[in-house]
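Asker: Questions regarding the structure given below will be posed in turn.
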Amino acid sequence: MGSTSSCCVSSSPKLRRNAHSRLESHNPEPELSREDTGCNLQHISDRENVDELNMEYNPSDHPRASTIFLSKSQPDVELSSKNVREKRKSLFINHRGSRRRKHSSCSTIFLDDNTVSQPNLKFTIKCVSLAIYYHIKNRDTDGGMQQDIFDEKLHPLSKSEVPSDYDKHDPEQKQIYRFVRTLFSAAQLTAECAIVTLVYVERLLTYADIDIGPGNWKRMLLGAILLASKVWDDQAVWNVDYCQILKDITVEDMNELERQFLELLQFNINVPSSVYAKYYFDLRSLSETNNLSFPLEPLSQDKAQRLEAISRLCDDKYKDARRAGKKRSASVDNLVGVRWVPAILS
């Protein structure tokens, strides 16, 4: 038991060196390189700056990278000044035959029922559907790589015959909205889940180098909604429950769709709060440029009390964090409350 080469010492070369380092006559073994060991894993030091290098290619991972759907919508929003004014009519109200913008005053505050912490469900689904519409409409001509699991011809969602030109005609925004709204209504999903769904779709397009088109958008959205509901909601919808919504799909097909979707995402299902907030505000920007702005309503007394309660709750929650983050120093102008302690000279 007293021997330094007992069975209690690990067989790892690094641990053996630590165990024998107490012996003066022992020479440490040379450290093997990755080429000698045959291991091709990338060292962590080689991956330190990967995020900075790939920021513009992975907008679903980084808060400072521009979202793909917003850039896809740019060709359609570069209109003349006259058309832009027509698009912004939703920001005005018809009052006595004239168009007047809703402005807040000291007596009346206009707000919409849509915040980053509690988005409006109908408004969010409309914006996400519009983002998917621009993805399909302004997709790349080459189409990227194709994945059979998303092909509606190979994996139809219904027993009705798929037309031969199913992948030739782009769907309308209303068609995409009806498909997403049906799933969200039947599964009782939240508006936050819709934003996470869009994050997963763009992450899939980036990671797998594929494009969303008329022949695969339904199954892509179905897989993204399936994952988003399981990641975001505490009581997630099971795969068999989607078979009750889509009557002609099997549980095995749903399981395979989820498995391959996760593999294409490289099992990266994390959505930071900063990325979530970026997608939310970009969706609001997209809605304003496409005449989808949520109607403004006067701030009622009940809503003001709820906002005040939420503000007080958040203030109490982060009070300790702010207090700990304060700089513990005093300026010359604030020496009144400083306690002087006599120095002890030895």
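Naming works like this for the structure tokens: A, B, ... for the chains as they're shown, residue 1 at the start of each chain, ligands 1 onward in shown order.
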Write down as a PyMOL selection string the residues of stretch 189-254 of chain A whose backbone DSSP state falls under alpha helix (DSSP H).
Answerer: chain A and resi 191-207+217-232+239-245+251-254
Asker: For the selection you just gave me, I'd like the residues written to a file as a tab-separated table (two decimals), in the first residue's frame, keeping C-alpha atoms.
Answerer:
chain	number	residue	atom	x	y	z
A	191	ALA	CA	-46.41	33.43	-28.71
A	192	GLU	CA	-42.87	32.98	-27.39
A	193	CYS	CA	-42.86	29.54	-28.96
A	194	ALA	CA	-43.50	31.14	-32.37
A	195	ILE	CA	-40.40	33.32	-32.03
A	196	VAL	CA	-38.29	30.33	-30.99
A	197	THR	CA	-39.71	28.47	-34.01
A	198	LEU	CA	-38.36	31.16	-36.33
A	199	VAL	CA	-34.96	30.99	-34.60
A	200	TYR	CA	-34.82	27.23	-35.19
A	201	VAL	CA	-35.81	27.61	-38.85
A	202	GLU	CA	-33.02	30.11	-39.53
A	203	ARG	CA	-30.56	28.01	-37.54
A	204	LEU	CA	-31.51	25.00	-39.66
A	205	LEU	CA	-31.00	26.93	-42.89
A	206	THR	CA	-27.57	28.07	-41.71
A	207	TYR	CA	-26.28	24.88	-40.14
A	217	TRP	CA	-41.77	24.61	-45.84
A	218	LYS	CA	-44.58	22.75	-44.08
A	219	ARG	CA	-42.42	19.98	-42.69
A	220	MET	CA	-39.67	22.42	-41.75
A	221	LEU	CA	-42.15	24.48	-39.77
A	222	LEU	CA	-43.64	21.36	-38.23
A	223	GLY	CA	-40.24	20.17	-37.02
A	224	ALA	CA	-39.34	23.63	-35.68
A	225	ILE	CA	-42.67	23.98	-33.85
A	226	LEU	CA	-42.27	20.48	-32.41
A	227	LEU	CA	-38.85	21.32	-30.95
A	228	ALA	CA	-39.80	24.82	-29.82
A	229	SER	CA	-42.79	23.55	-27.88
A	230	LYS	CA	-40.66	20.98	-26.07
A	231	VAL	CA	-37.86	23.44	-25.27
A	232	TRP	CA	-39.98	26.44	-24.29
A	239	ASN	CA	-45.47	13.71	-30.80
A	240	VAL	CA	-48.58	11.59	-30.73
A	241	ASP	CA	-50.65	14.71	-30.07
A	242	TYR	CA	-49.59	16.16	-33.41
A	243	CYS	CA	-50.93	13.02	-35.02
A	244	GLN	CA	-54.33	14.03	-33.68
A	245	ILE	CA	-53.96	17.43	-35.32
A	251	VAL	CA	-45.88	8.80	-34.86
A	252	GLU	CA	-42.87	7.14	-36.49
A	253	ASP	CA	-42.72	9.95	-39.05
A	254	MET	CA	-42.88	12.57	-36.29
Asker: When distances are computed from only C-alpha atoms, which of A:Ala65, A:Ile149, A:Leu130, A:Ile125 shows the smallest separation from A:Thr289?
Answerer: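 Checking each of A:Ala65, A:Ile149, A:Leu130, A:Ile125 against A:Thr289, counting only C-alpha atoms, the winner is A:Leu130.
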Asker: Would you pick out the contacts of A:Gln260 at 10 Å or less, using only C-alpha atoms, so that residues sharing its chain but fewer than 3 positions from it are not included, and give the list as number ranges by chain?
Answerer: A: 147, 149-150, 223, 255-257, 263-267
Asker: Rounded to one decimal in Å, what is the spacing between atom CA of A:Thr115 and atom CA of A:Ser73?
Answerer: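 Taking atom CA of A:Thr115 and atom CA of A:Ser73, their separation equals 22.8 Å.
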Asker: Fewer than 3 positions away in the same chain doesn't count, so skip those; otherwise give me all residues within 7 Å of stretch 176-187 of chain A, counting only C-alpha atoms, as number ranges by chain.
Answerer: A: 125-126, 129, 171-173, 237, 245
Asker: Mind giving me the straight-line distance from atom CA of A:Ile109 to atom CA of A:Leu299 in Å, one decimal?
Answerer: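 If I compute the distance from atom CA of A:Ile109 to atom CA of A:Leu299, I get 5.4 Å.
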Asker: Could you check how far atom CA of A:Ala208 sits from atom CA of A:Asp234, in Å to one decimal?
Answerer: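 Separation of atom CA of A:Ala208 and atom CA of A:Asp234: 28.1 Å.
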Asker: Measuring between only C-alpha atoms, which one of A:Glu288, A:Asp140, A:Asp113, A:Glu258 shows the shortest distance to A:Lys72?
Answerer: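 Ranked by minimum distance to A:Lys72, first place goes to A:Asp140.
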